[in-house]
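Source file: start-v7.txt; contents: compact mmCIF, C-alpha atoms.
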```txt
# COMPACT_ATOMS: atom_id res chain seq x y z
CA MET A 1 0.00 0.00 0.00
CA GLN A 2 1.13 3.56 -0.60
CA ALA A 3 1.19 5.77 2.48
CA SER A 4 0.32 9.43 2.58
CA VAL A 5 3.47 11.04 3.96
CA HIS A 6 3.63 14.75 4.67
CA ALA A 7 6.74 16.55 5.90
CA TYR A 8 6.69 20.03 7.39
CA GLU A 9 9.47 22.40 8.33
CA THR A 10 8.79 22.28 12.07
CA HIS A 11 7.22 20.08 14.73
CA GLN A 12 4.66 22.82 15.30
CA GLN A 13 3.57 22.82 11.66
CA ALA A 14 3.33 19.02 11.59
CA SER A 15 1.23 19.04 14.78
CA LEU A 16 -1.15 21.65 13.40
CA ALA A 17 -1.58 19.79 10.11
CA ALA A 18 -2.25 16.52 11.95
CA ALA A 19 -4.77 18.21 14.23
CA GLU A 20 -6.59 19.70 11.25
CA ALA A 21 -6.79 16.27 9.61
CA VAL A 22 -8.08 14.62 12.79
CA ALA A 23 -10.61 17.41 13.33
CA ALA A 24 -11.88 17.00 9.78
CA GLU A 25 -12.30 13.26 10.34
CA LEU A 26 -14.21 13.84 13.58
CA ARG A 27 -16.55 16.29 11.86
CA ARG A 28 -17.09 13.92 8.93
CA LEU A 29 -17.92 10.96 11.14
CA ILE A 30 -20.29 12.98 13.31
CA THR A 31 -22.08 14.32 10.24
CA GLU A 32 -22.36 10.92 8.55
CA ARG A 33 -22.84 8.60 11.55
CA GLY A 34 -23.91 10.80 14.42
CA ARG A 35 -20.83 10.02 16.50
CA ALA A 36 -17.08 9.41 16.28
CA ILE A 37 -14.99 6.91 18.25
CA ALA A 38 -11.25 7.45 18.41
CA ILE A 39 -8.09 6.05 19.95
CA PHE A 40 -5.68 8.70 21.23
CA SER A 41 -2.04 8.43 22.33
CA GLY A 42 -0.90 10.02 25.54
CA ASP A 43 2.75 10.90 25.04
CA GLU A 44 4.61 14.18 24.75
CA SER A 45 4.85 13.99 20.95
CA GLN A 46 1.06 14.42 20.85
CA ALA A 47 0.85 17.49 23.10
CA GLU A 48 0.63 20.22 20.48
CA LEU A 49 -1.64 18.12 18.26
CA LEU A 50 -4.09 17.71 21.15
CA ASP A 51 -3.85 21.39 22.08
CA HIS A 52 -4.77 22.34 18.52
CA LEU A 53 -7.55 19.77 18.47
CA VAL A 54 -9.10 21.22 21.62
CA ASN A 55 -9.30 24.60 19.90
CA ALA A 56 -10.59 23.31 16.58
CA GLU A 57 -13.94 24.70 15.51
CA ARG A 58 -17.19 22.84 14.89
CA ILE A 59 -16.38 19.58 16.69
CA GLU A 60 -19.40 18.31 18.62
CA TRP A 61 -17.44 16.68 21.44
CA THR A 62 -20.65 15.45 23.05
CA ARG A 63 -20.74 12.98 20.15
CA VAL A 64 -17.14 11.78 20.57
CA ILE A 65 -16.07 8.66 22.48
CA GLY A 66 -12.40 8.27 23.33
CA PHE A 67 -10.08 5.38 24.16
CA HIS A 68 -6.31 5.28 24.46
CA ALA A 69 -3.66 2.98 23.09
CA PHE A 70 -1.73 1.90 26.19
CA GLU A 71 -0.98 2.58 29.83
CA PHE A 72 2.15 1.79 31.84
CA LEU A 73 1.84 -0.97 34.40
CA GLY A 74 1.47 0.47 37.89
CA ALA A 75 0.56 3.95 36.65
CA ASP A 76 -2.52 5.51 38.18
CA GLU A 77 -4.18 8.74 37.07
CA ASP A 78 -1.76 10.83 39.16
CA SER A 79 1.46 9.17 38.02
CA PRO A 80 3.80 11.50 36.11
CA ASN A 81 4.20 8.97 33.29
CA SER A 82 0.50 8.08 33.08
CA GLN A 83 -0.94 8.09 29.59
CA ARG A 84 -4.38 8.75 31.08
CA LYS A 85 -3.14 11.76 33.04
CA PHE A 86 -1.61 13.19 29.88
CA LEU A 87 -4.85 12.74 27.94
CA PHE A 88 -6.96 14.10 30.78
CA ASP A 89 -4.74 17.19 31.03
CA HIS A 90 -4.44 17.88 27.29
CA LEU A 91 -7.83 16.73 26.01
CA VAL A 92 -10.48 15.12 28.18
CA TYR A 93 -10.76 17.83 30.84
CA LYS A 94 -10.83 20.55 28.17
CA VAL A 95 -13.71 19.34 25.99
CA PRO A 96 -17.16 17.89 26.75
CA MET A 97 -16.32 14.43 25.38
CA VAL A 98 -19.31 12.19 25.99
CA GLU A 99 -17.18 9.20 27.08
CA PHE A 100 -13.51 8.51 27.70
CA HIS A 101 -12.36 5.05 28.71
CA GLY A 102 -8.94 4.67 30.28
CA LEU A 103 -6.77 1.62 30.82
CA ARG A 104 -6.17 1.12 34.55
CA GLY A 105 -2.46 0.53 34.80
CA GLU A 106 -2.62 0.40 38.60
CA ALA A 107 -5.14 -2.47 38.67
CA ALA A 108 -4.21 -5.52 40.74
CA ASN A 109 -5.32 -7.81 37.91
CA PRO A 110 -4.01 -6.47 34.58
CA GLU A 111 -5.36 -9.47 32.68
CA ALA A 112 -8.87 -8.58 33.83
CA VAL A 113 -8.30 -5.03 32.62
CA CYS A 114 -7.37 -6.43 29.21
CA ALA A 115 -10.52 -8.55 29.04
CA ASN A 116 -12.81 -5.73 30.15
CA TYR A 117 -11.25 -3.21 27.77
CA ALA A 118 -11.47 -5.66 24.86
CA ALA A 119 -15.17 -6.17 25.60
CA LEU A 120 -15.71 -2.41 25.72
CA LEU A 121 -13.93 -1.91 22.39
CA LYS A 122 -16.18 -4.56 20.89
CA THR A 123 -19.31 -2.64 21.92
CA ARG A 124 -17.86 0.67 20.69
CA PRO A 125 -15.60 -0.14 17.72
CA PRO A 126 -13.25 2.80 17.11
CA ASP A 127 -13.26 4.54 13.74
CA PHE A 128 -9.64 5.68 13.76
CA ALA A 129 -6.50 6.00 15.86
CA VAL A 130 -4.00 8.80 16.43
CA LEU A 131 -0.61 7.20 17.06
CA GLY A 132 3.04 7.93 17.61
CA ILE A 133 6.13 5.81 17.10
CA GLY A 134 9.24 5.41 19.20
CA GLN A 135 12.92 5.65 18.35
CA GLY A 136 13.10 1.87 17.99
CA GLY A 137 10.07 1.64 15.73
CA GLU A 138 7.65 1.04 18.59
CA LEU A 139 3.99 1.52 17.68
CA ALA A 140 1.92 2.87 20.58
CA GLY A 141 2.75 0.50 23.47
CA ILE A 142 4.08 -2.32 21.30
CA SER A 143 7.87 -2.71 21.18
CA PRO A 144 9.97 -5.15 19.12
CA GLY A 145 10.21 -7.46 22.10
CA ASN A 146 6.46 -7.99 22.38
CA CYS A 147 5.32 -7.42 18.80
CA ASP A 148 3.14 -10.04 17.15
CA PHE A 149 1.58 -9.11 13.82
CA HIS A 150 -0.83 -12.04 14.23
CA ASP A 151 -1.66 -11.57 17.89
CA SER A 152 -4.99 -13.20 18.77
CA ALA A 153 -5.57 -10.81 21.68
CA THR A 154 -7.19 -7.39 21.48
CA VAL A 155 -5.44 -5.97 24.54
CA LYS A 156 -2.46 -7.55 26.28
CA VAL A 157 -0.01 -7.16 29.13
CA THR A 158 3.58 -6.53 28.04
CA GLU A 159 6.68 -6.26 30.21
CA SER A 160 5.87 -2.63 30.99
CA ALA A 161 2.35 -1.78 29.85
CA ILE A 162 -1.21 -2.75 29.07
CA ALA A 163 -1.53 -2.17 25.35
CA LEU A 164 -3.81 -2.59 22.37
CA THR A 165 -2.29 -5.16 20.03
CA ILE A 166 -1.09 -4.64 16.47
CA PRO A 167 -4.04 -6.44 14.80
CA ILE A 168 -6.61 -4.32 16.64
CA LEU A 169 -4.80 -1.08 15.76
CA MET A 170 -4.62 -2.18 12.14
CA ALA A 171 -8.36 -2.90 12.12
CA TYR A 172 -9.27 0.78 12.36
CA SER A 173 -10.26 2.30 9.04
CA SER A 174 -7.99 5.36 9.35
CA LEU A 175 -4.69 5.94 11.14
CA PHE A 176 -2.99 9.26 11.81
CA VAL A 177 0.67 9.08 12.82
CA ILE A 178 2.79 11.98 14.00
CA ALA A 179 6.54 11.63 14.51
CA THR A 180 9.06 14.44 14.77
CA GLY A 181 12.68 15.00 15.69
CA GLN A 182 15.97 13.72 14.30
CA GLU A 183 16.14 10.99 16.97
CA LYS A 184 13.28 9.23 15.14
CA ARG A 185 14.86 9.55 11.70
CA GLN A 186 16.01 5.93 11.40
CA ALA A 187 12.75 4.53 12.82
CA ILE A 188 10.73 6.58 10.33
CA GLN A 189 12.77 5.32 7.38
CA ALA A 190 12.45 1.72 8.58
CA ALA A 191 8.72 2.07 9.16
CA ILE A 192 7.89 3.69 5.82
CA GLU A 193 10.50 2.31 3.42
CA GLY A 194 12.03 -0.70 5.17
CA VAL A 195 11.22 -4.38 5.38
CA ILE A 196 7.98 -5.24 7.16
CA THR A 197 9.21 -6.97 10.29
CA GLU A 198 8.24 -7.40 13.92
CA THR A 199 11.62 -5.95 14.89
CA CYS A 200 10.11 -2.64 13.72
CA PRO A 201 6.45 -2.78 14.80
CA ALA A 202 5.56 0.43 12.94
CA SER A 203 6.61 -1.16 9.63
CA ILE A 204 3.26 -3.00 9.56
CA LEU A 205 1.66 0.36 8.76
CA GLN A 206 2.88 -0.14 5.19
CA THR A 207 0.05 -2.65 4.77
CA HIS A 208 -2.71 -0.34 6.01
CA PRO A 209 -4.93 1.18 3.29
CA SER A 210 -5.37 4.56 4.97
CA VAL A 211 -2.49 5.81 7.08
CA ARG A 212 -1.38 9.42 7.07
CA TRP A 213 2.05 10.39 8.35
CA PHE A 214 2.80 13.87 9.68
CA LEU A 215 6.54 14.48 10.05
CA ASP A 216 8.88 17.38 10.49
CA GLU A 217 11.95 17.81 8.27
CA ASP A 218 14.26 16.31 10.90
CA ALA A 219 12.25 13.10 11.13
CA ALA A 220 11.80 12.81 7.37
CA ALA A 221 15.41 13.52 6.40
CA ASN A 222 16.33 9.89 5.54
CA LEU A 223 13.28 9.19 3.39
CA ASN A 224 13.89 8.70 -0.31
CA GLN A 225 10.56 10.16 -1.31
CA ILE A 226 7.82 12.20 0.31
CA ILE A 227 4.40 11.32 -1.09
```
Output the file's structure in the form of structure tokens.
Amino acid sequence: MQASVHAYETHQQASLAAAEAVAAELRRLITERGRAIAIFSGDESQAELLDHLVNAERIEWTRVIGFHAFEFLGADEDSPNSQRKFLFDHLVYKVPMVEFHGLRGEAANPEAVCANYAALLKTRPPDFAVLGIGQGGELAGISPGNCDFHDSATVKVTESAIALTIPILMAYSSLFVIATGQEKRQAIQAAIEGVITETCPASILQTHPSVRWFLDEDAAANLNQII
């Protein structure tokens, strides 16, 4: 499949462009279906995107349901590294989202959290996901060490997190990926132009029919072609 890859001069420009694309998708889904269901990522690379999204016009947030991609094991809503805390601070507390469902990293039984979250996702199938990738090609909470492109689970416990699996992320009809900074340059090239391999989880995105990449010039510097 051919990805839609956009490179911008700065991180700020890439974040704004990504936010505008996500906002347009939310508005389209609400107009056509009456609601929109989205997966959001709660890491620092998403901060400006979410800030722009909060200020976007004509989004009926009372028709938006939110989930998130992963949470660190042991992290509660007050933990500094909590994905939920990040999303609450940058998105959920700032808009009247009708529902937001967080993964409880602090739960005594993480496997039960996985089962309950999987059941919830089944009743409210997300329309799209907003994702980031790590310096090693990680996709959301999935790293090379726990990547399985054919995982039978929907949500699983890894060595450090409770995370949605690769097959469930790939099942969403649209994916928006933002990655910036020169430290992600090699991971971006491997994900977009390299061999599809579980040693680079993000490389599976090459097989998705509708993935849009939003990069800055530093992150995109090693790419042979910008589409």
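Atom CA of Trp213 of chain A is found 15.0 Å from atom CA of Gln186 of chain A.
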Atom-to-atom span, atom CA of Ser4 of chain A and atom CA of Ser210 of chain A, Å: 7.9 Å
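Distance annotation: of A:Glu138, A:Glu217, A:Glu77, A:Glu193, the residue with the minimal separation from Arg104 of chain A is A:Glu77; atom set is only C-alpha atoms.
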Expected answer as a count of residues only: all residues with atoms within 8 Å of (-3.9, 0.0, 31.1), all atoms listed in the file: 15
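For the residues A:Thr165, A:Gln182, A:Asn146, A:Gln189, ranking by smallest atom-to-atom distance to His11 of chain A using all atoms listed in the file places A:Gln182 first.
We find atom CA of Leu50 of chain A and atom CA of Lys85 of chain A to be spaced 13.3 Å apart.
The shell of residues at most 9 Å from Leu87 of chain A, with only C-alpha atoms counted and near chain neighbours (fewer than 4 positions) removed, consists of A:Phe40, A:Ser41, A:Gly42, A:Asp43, A:Ala47, A:Leu50, A:His68, A:Ser82, A:Gln83, A:Leu91, A:Val92, A:Tyr93.
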Option closest in space to Ile192 of chain A, from A:Ala38, A:Met170, A:Cys147, A:Leu223 [counting only C-alpha atoms]: A:Leu223
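Counting all atoms listed in the file, the residue from A:Ala171, A:Ala7, A:Ala187, A:Val130 that sits nearest to Leu215 of chain A is A:Ala7.
Those residues that approach Gln135 of chain A to within 12 Å, counting all atoms listed in the file, are Ser45, Leu139, Ala140, Ser143, Pro144, Ala179, Thr180, Gly181, Gln182, Glu183, Lys184, Arg185, Gln186, Ala187, Ile188, Gln189, Ala190, Ala191, Cys200, Pro201, Ala202 and Ala219 of chain A; same-chain residues fewer than 4 positions away are not listed.
Of the listed residues A:Ile65, A:Asp89, A:Leu121, A:Leu131, the one whose atoms come nearest to Val155 of chain A is A:Leu121, with distances taken using all atoms listed in the file.
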Nearest to Tyr8 of chain A by atom-to-atom distance, counting only C-alpha atoms, from A:Ile204, A:Ile178, A:Phe86, A:Ala23: A:Ile178
Which neighbours of segment 116-118 of chain A fall inside 9 Å, counting all atoms listed in the file, when residues of the same chain fewer than 4 positions from it are skipped, and could you give them as an mmCIF file with C-alpha atoms, in the coordinates of the input?
```
data_model
loop_
_atom_site.group_PDB
_atom_site.id
_atom_site.type_symbol
_atom_site.label_atom_id
_atom_site.label_comp_id
_atom_site.auth_asym_id
_atom_site.auth_seq_id
_atom_site.Cartn_x
_atom_site.Cartn_y
_atom_site.Cartn_z
ATOM 1 C CA HIS A 101 -12.360 5.050 28.710
ATOM 2 C CA GLY A 102 -8.940 4.670 30.280
ATOM 3 C CA LEU A 103 -6.770 1.620 30.820
ATOM 4 C CA GLU A 111 -5.360 -9.470 32.680
ATOM 5 C CA ALA A 112 -8.870 -8.580 33.830
ATOM 6 C CA LYS A 122 -16.180 -4.560 20.890
ATOM 7 C CA THR A 123 -19.310 -2.640 21.920
ATOM 8 C CA ALA A 153 -5.570 -10.810 21.680
ATOM 9 C CA THR A 154 -7.190 -7.390 21.480
ATOM 10 C CA VAL A 155 -5.440 -5.970 24.540
ATOM 11 C CA LEU A 164 -3.810 -2.590 22.370
#
```
Neighbours of Asn55 of chain A within 12 Å (only C-alpha atoms; same-chain residues fewer than 5 positions away dropped), as an mmCIF file with C-alpha atoms, keeping the file's coordinate frame?
```cif
data_model
loop_
_atom_site.group_PDB
_atom_site.id
_atom_site.type_symbol
_atom_site.label_atom_id
_atom_site.label_comp_id
_atom_site.auth_asym_id
_atom_site.auth_seq_id
_atom_site.Cartn_x
_atom_site.Cartn_y
_atom_site.Cartn_z
ATOM 1 C CA LEU A 16 -1.150 21.650 13.400
ATOM 2 C CA ALA A 19 -4.770 18.210 14.230
ATOM 3 C CA GLU A 20 -6.590 19.700 11.250
ATOM 4 C CA ALA A 23 -10.610 17.410 13.330
ATOM 5 C CA GLU A 48 0.630 20.220 20.480
ATOM 6 C CA LEU A 49 -1.640 18.120 18.260
ATOM 7 C CA LEU A 50 -4.090 17.710 21.150
ATOM 8 C CA GLU A 60 -19.400 18.310 18.620
ATOM 9 C CA TRP A 61 -17.440 16.680 21.440
ATOM 10 C CA HIS A 90 -4.440 17.880 27.290
ATOM 11 C CA LEU A 91 -7.830 16.730 26.010
ATOM 12 C CA LYS A 94 -10.830 20.550 28.170
ATOM 13 C CA VAL A 95 -13.710 19.340 25.990
#
```
Counting only C-alpha atoms, which residues have an atom no more than 9 Å from (-19.4, 5.7, 25.4) in the file's coordinates? Please list them as a tab-separated table (two decimals) with C-alpha atoms, keeping the file's coordinate frame.
```
chain	number	residue	atom	x	y	z
A	37	ILE	CA	-14.99	6.91	18.25
A	64	VAL	CA	-17.14	11.78	20.57
A	65	ILE	CA	-16.07	8.66	22.48
A	66	GLY	CA	-12.40	8.27	23.33
A	98	VAL	CA	-19.31	12.19	25.99
A	99	GLU	CA	-17.18	9.20	27.08
A	100	PHE	CA	-13.51	8.51	27.70
A	101	HIS	CA	-12.36	5.05	28.71
A	120	LEU	CA	-15.71	-2.41	25.72
A	124	ARG	CA	-17.86	0.67	20.69
```
Just need the box for segment 25-33 of chain A, edges along x, y and z, holding every atom the file lists for it with 4 Å tacked onto each side, so centre and edge lengths in Å to one decimal, as JSON.
```
{"center_x": -17.6, "center_y": 12.4, "center_z": 11.1, "size_x": 18.5, "size_y": 15.7, "size_z": 13.0}
```
